[in-house]
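Trainee: Input file: my_file-v2.txt. Contents: compact mmCIF, C-alpha atoms.
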```
# COMPACT_ATOMS: atom_id res chain seq x y z
CA MET A 19 -101.29 65.99 29.67
CA ARG A 20 -99.47 68.10 32.23
CA THR A 21 -96.59 65.65 32.39
CA ALA A 22 -96.04 65.87 28.63
CA ARG A 23 -95.88 69.67 28.77
CA LYS A 24 -93.38 69.61 31.62
CA LEU A 25 -91.11 67.26 29.71
CA THR A 26 -91.39 69.31 26.52
CA THR A 27 -90.67 72.55 28.39
CA SER A 28 -87.77 70.96 30.27
CA ALA A 29 -86.33 69.58 27.04
CA ALA A 30 -86.60 73.00 25.37
CA LEU A 31 -84.86 74.69 28.31
CA ALA A 32 -82.08 72.09 28.27
CA VAL A 33 -81.46 72.56 24.54
CA THR A 34 -81.50 76.35 24.87
CA SER A 35 -79.09 76.41 27.81
CA ALA A 36 -76.74 73.97 26.06
CA GLY A 37 -76.71 76.26 23.02
CA LEU A 38 -75.94 79.30 25.19
CA LEU A 39 -73.10 77.53 26.94
CA ALA A 40 -71.55 76.35 23.67
CA ALA A 41 -71.78 79.76 21.93
CA PRO A 42 -69.03 81.58 23.86
CA ALA A 43 -66.46 78.85 23.14
CA SER A 44 -66.89 79.12 19.38
CA ALA A 45 -67.28 82.92 19.45
CA ALA A 46 -63.92 83.32 21.19
CA ASN A 47 -62.08 81.88 18.17
CA ALA A 48 -63.95 83.80 15.47
CA ALA A 49 -63.45 87.31 14.16
CA PRO A 50 -66.48 89.58 14.32
CA VAL A 51 -68.99 88.77 11.60
CA GLY A 52 -68.99 91.58 9.05
CA GLY A 53 -66.71 93.80 11.17
CA LEU A 54 -63.04 94.45 11.83
CA GLU A 55 -61.40 93.20 15.04
CA VAL A 56 -58.44 95.31 16.20
CA ALA A 57 -56.30 93.66 18.90
CA PRO A 58 -55.17 95.10 21.17
CA ALA A 59 -57.72 97.88 20.92
CA THR A 60 -55.73 100.26 23.18
CA VAL A 61 -52.00 100.63 22.53
CA THR A 62 -49.00 102.85 23.12
CA PRO A 63 -46.87 104.16 20.23
CA GLY A 64 -44.52 101.48 18.84
CA THR A 65 -46.91 98.56 19.48
CA THR A 66 -47.73 95.96 16.81
CA VAL A 67 -51.47 95.57 16.17
CA THR A 68 -53.29 92.55 14.67
CA VAL A 69 -56.42 93.08 12.56
CA ARG A 70 -58.91 90.28 11.65
CA THR A 71 -62.16 90.10 9.68
CA THR A 72 -64.58 87.53 8.24
CA ALA A 73 -66.26 90.07 5.95
CA CYS A 74 -64.29 89.04 2.84
CA GLY A 75 -65.59 85.46 2.70
CA ALA A 76 -63.73 82.20 2.24
CA ASP A 77 -60.20 82.55 0.89
CA GLY A 78 -60.69 86.34 0.70
CA GLY A 79 -57.88 88.77 1.28
CA ALA A 80 -58.08 92.47 1.95
CA THR A 81 -56.02 95.65 2.02
CA GLY A 82 -55.88 97.43 5.35
CA ASP A 83 -55.45 101.15 5.80
CA ALA A 84 -53.96 102.47 9.04
CA SER A 85 -52.83 105.80 7.60
CA ALA A 86 -55.10 107.63 10.07
CA VAL A 87 -52.61 106.68 12.82
CA GLY A 88 -49.63 107.08 10.46
CA ALA A 89 -48.92 103.38 9.75
CA GLY A 90 -49.92 103.33 6.07
CA THR A 91 -51.40 100.30 4.26
CA PHE A 92 -50.95 96.61 5.07
CA ALA A 93 -52.19 93.28 3.69
CA LEU A 94 -54.77 90.95 5.25
CA ALA A 95 -54.61 87.32 4.13
CA PRO A 96 -56.39 84.11 5.17
CA ALA A 97 -54.62 82.61 8.18
CA GLU A 98 -55.37 79.49 10.22
CA ARG A 99 -58.94 79.43 8.94
CA PRO A 100 -59.70 80.38 5.31
CA GLU A 101 -62.73 82.52 6.22
CA VAL A 102 -60.67 84.79 8.52
CA ALA A 103 -58.35 87.33 6.91
CA SER A 104 -55.75 88.80 9.24
CA GLY A 105 -52.88 91.26 9.01
CA ARG A 106 -50.53 93.28 11.20
CA PHE A 107 -49.12 96.80 11.34
CA LYS A 108 -46.96 98.75 13.77
CA VAL A 109 -48.16 101.98 15.34
CA PRO A 110 -45.41 104.55 14.68
CA PRO A 111 -43.52 105.94 17.71
CA SER A 112 -44.66 109.45 16.69
CA ALA A 113 -48.40 108.58 16.99
CA GLN A 114 -50.40 111.04 19.06
CA PRO A 115 -53.00 109.98 21.67
CA GLY A 116 -56.54 109.57 20.33
CA THR A 117 -58.97 107.16 18.68
CA TYR A 118 -58.28 106.23 15.06
CA GLU A 119 -60.39 104.37 12.49
CA ILE A 120 -58.65 101.39 10.89
CA VAL A 121 -60.22 100.33 7.56
CA ALA A 122 -60.01 97.13 5.50
CA ARG A 123 -61.28 96.79 1.91
CA CYS A 124 -61.94 93.28 0.59
CA ALA A 125 -60.06 92.24 -2.56
CA GLY A 126 -61.58 90.43 -5.53
CA SER A 127 -64.53 90.96 -7.82
CA GLY A 128 -67.03 88.57 -6.16
CA ALA A 129 -69.92 89.45 -3.89
CA ASP A 130 -67.52 90.54 -1.13
CA GLY A 131 -65.08 92.38 -3.45
CA GLY A 132 -64.77 96.06 -2.58
CA LYS A 133 -66.62 95.64 0.71
CA GLN A 134 -65.23 97.92 3.41
CA VAL A 135 -65.17 97.26 7.17
CA ALA A 136 -63.73 99.40 9.98
CA GLY A 137 -62.64 99.17 13.59
CA ASP A 138 -61.34 101.61 16.19
CA LEU A 139 -57.83 101.82 17.65
CA SER A 140 -57.09 103.93 20.74
CA VAL A 141 -53.57 105.27 21.24
CA THR A 142 -52.46 106.36 24.72
CA LEU A 143 -49.14 107.55 26.07
CA THR A 144 -49.42 105.45 29.21
CA SER A 145 -49.27 101.70 29.22
CA THR A 146 -52.15 99.50 30.26
CA ALA A 147 -52.44 98.09 33.80
CA SER A 148 -51.03 94.70 32.79
CA ALA A 149 -47.94 96.30 31.26
CA ARG A 150 -47.43 98.44 34.38
CA GLU A 151 -47.51 95.32 36.56
CA GLU A 152 -44.66 93.78 34.52
CA GLN A 153 -42.33 96.75 35.02
CA PRO A 154 -39.94 96.50 38.01
CA VAL A 155 -40.36 98.92 40.89
CA PRO A 156 -37.39 101.31 41.04
CA VAL A 157 -35.18 101.03 44.13
CA PRO A 158 -34.39 104.42 45.70
CA VAL A 159 -30.70 105.38 45.63
CA HIS A 160 -29.30 107.32 48.58
CA PRO A 161 -26.20 109.47 48.09
CA ARG A 162 -23.00 108.58 49.98
CA GLY A 163 -19.74 110.42 50.60
CA HIS A 164 -18.83 114.05 50.28
CA VAL A 165 -19.65 116.46 47.46
CA LYS A 166 -16.78 116.68 44.96
CA THR A 167 -16.87 120.35 43.97
CA GLY A 168 -13.14 120.89 43.69
CA VAL A 169 -13.11 123.44 46.52
CA GLY A 170 -12.96 121.05 49.45
CA GLY A 171 -15.13 121.03 52.52
CA ALA A 172 -15.10 120.86 56.30
CA LEU A 173 -15.29 117.07 56.19
CA GLY A 174 -13.17 116.67 53.05
CA PRO A 175 -10.99 113.66 52.35
CA ASP A 176 -7.81 115.26 53.84
CA PRO A 177 -8.21 116.98 57.26
CA VAL A 178 -4.62 118.38 57.15
CA LYS A 179 -5.38 120.34 53.97
CA THR A 180 -8.66 121.53 55.45
CA ALA A 181 -6.87 122.80 58.62
CA ALA A 182 -4.25 124.58 56.49
CA GLY A 183 -6.98 126.29 54.48
CA VAL A 184 -8.74 127.45 57.64
CA ALA A 185 -5.42 128.82 58.99
CA VAL A 186 -4.77 130.77 55.77
CA LEU A 187 -8.26 132.30 55.94
CA ALA A 188 -7.77 133.26 59.62
CA VAL A 189 -4.42 135.00 58.87
CA ALA A 190 -6.00 136.86 55.94
CA ALA A 191 -8.93 138.01 58.08
CA ALA A 192 -6.60 139.17 60.90
CA GLY A 193 -4.35 141.05 58.44
CA GLY A 194 -7.32 142.76 56.82
CA THR A 195 -8.68 143.83 60.20
CA TRP A 196 -5.25 145.23 61.26
CA LEU A 197 -4.96 147.24 58.00
CA LEU A 198 -8.47 148.70 58.39
CA HIS A 199 -7.72 149.63 62.02
CA ARG A 200 -4.49 151.42 61.00
CA ARG A 201 -6.29 153.32 58.24
CA ALA A 202 -9.03 154.42 60.67
CA ARG A 203 -6.34 155.86 63.08
CA GLY A 204 -4.71 157.79 60.26
CA ASP A 205 -1.47 155.85 60.19
CA ARG A 206 0.22 155.60 56.83
CA ILE A 207 0.97 152.20 55.46
```
Just dump the structure as structure tokens.
Mentor:
Amino acid sequence: MRTARKLTTSAALAVTSAGLLAAPASAANAAPVGGLEVAPATVTPGTTVTVRTTACGADGGATGDASAVGAGTFALAPAERPEVASGRFKVPPSAQPGTYEIVARCAGSGADGGKQVAGDLSVTLTSTASAREEQPVPVPVHPRGHVKTGVGGALGPDPVKTAAGVAVLAVAAAGGTWLLHRRARGDRI
């Protein structure tokens, strides 16, 4: 009697664990049941967003509304699988950071007609970590040469012109000093 229970319990555990292992594989390909999947869920302005839902039933389309973020309305249509309606819209470059509700309303007059589902979209001004990893690291640029101000400098491109300029300044300073000295003595110029 104990042996039979052990086999039954072991068989039940095996079936349960096999079901748990198989569930994630099929769930990865399906849109959320009765909800609205927004991918990617966090974006920067100018990004294209894909929206999917299974709420509208087989061969059901929908009208999406992303006017909360400034993108207006868009169409959702059955894609690779007839029970999944999907559509796309572009987040405008002028979108401000925040969380926005994206809405889809099922088309048709059947049981799913008029049904509304929603999902959240987060807009940030900074890119995600994966996008930052793709950007090249800037190489620092070090300045070379002299400053081109038009006035010249001590280490300018022509040392002869620099020496001539220094000589002119020295003569002007000496002449100014001589004139001030004469004026202080009372000599007339």
Trainee: Which residue, A:Ala125, A:Pro111, A:Gly105, A:Val56, has the smallest gap to Ala80 (chain A) when you use all atoms listed in the file?
Mentor: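 Under the stated criterion, the closest residue is A:Ala125.
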Trainee: Which polymer residues, protein or nucleic acid, are no farther than 10 Å from (-57.0, 92.8, 2.3), counting only C-alpha atoms, as a PyMOL selection string?
Mentor: chain A and resi 70-71+74+78-83+91-96+103-105+121-126+131-132+134
Trainee: Would you please work out which residue, of A:Ala97, A:Ala191, A:Ala136, A:Val61, is nearest to Ala84 (chain A) when using only C-alpha atoms?
Mentor: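 Looking only at the distances to Ala84 (chain A), the closest residue turns out to be A:Ala136.
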Trainee: Using only the atoms of region 100-119 of chain A listed in the file, plus 5 Å on each side, state the axis-aligned box centre and edge lengths in Å rounded to one decimal, as AutoDock Vina command-line options.
Mentor:
```
--center_x -53.1 --center_y 95.7 --center_z 13.5 --size_x 29.2 --size_y 40.7 --size_z 26.4
```
Trainee: So how far away is CA of Gly137 (chain A) from CA of Ile120 (chain A), in Å?
Mentor: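 If I compute the distance from CA of Ile120 (chain A) to CA of Gly137 (chain A), I get 5.3 Å.
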Trainee: Enter the distance from CA of Val135 (chain A) to CA of Gly53 (chain A), in Å, rounded to one decimal.
Mentor: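 According to the coordinates, CA of Val135 (chain A) and CA of Gly53 (chain A) are separated by 5.5 Å.
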Trainee: Give the answer as one residue: which of A:Gly64, A:Gly116, A:Pro110, A:Gly90 has the shortest atom-to-atom distance to Thr142 (chain A), using only C-alpha atoms?
Mentor: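 Closest residue, counting only C-alpha atoms: A:Gly116.
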Trainee: In Å, how far is it from CA of Lys108 (chain A) to CA of Ala76 (chain A)?
Mentor: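 Computing it gives 26.2 Å between the two atoms.
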Trainee: Which residues are close to Ser140 (chain A), i.e. within 9 Å by only C-alpha atoms, leaving aside same-chain residues fewer than 3 positions away? Reply as a ChimeraX atom specification.
Mentor: /A:59-62,115-119
Trainee: Export, as a compact mmCIF listing (two decimals), in the coordinates of the input, the selected residues with C-alpha atoms.
Mentor:
```
# COMPACT_ATOMS: atom_id res chain seq x y z
CA ALA A 59 -57.72 97.88 20.92
CA THR A 60 -55.73 100.26 23.18
CA VAL A 61 -52.00 100.63 22.53
CA THR A 62 -49.00 102.85 23.12
CA PRO A 115 -53.00 109.98 21.67
CA GLY A 116 -56.54 109.57 20.33
CA THR A 117 -58.97 107.16 18.68
CA TYR A 118 -58.28 106.23 15.06
CA GLU A 119 -60.39 104.37 12.49
```
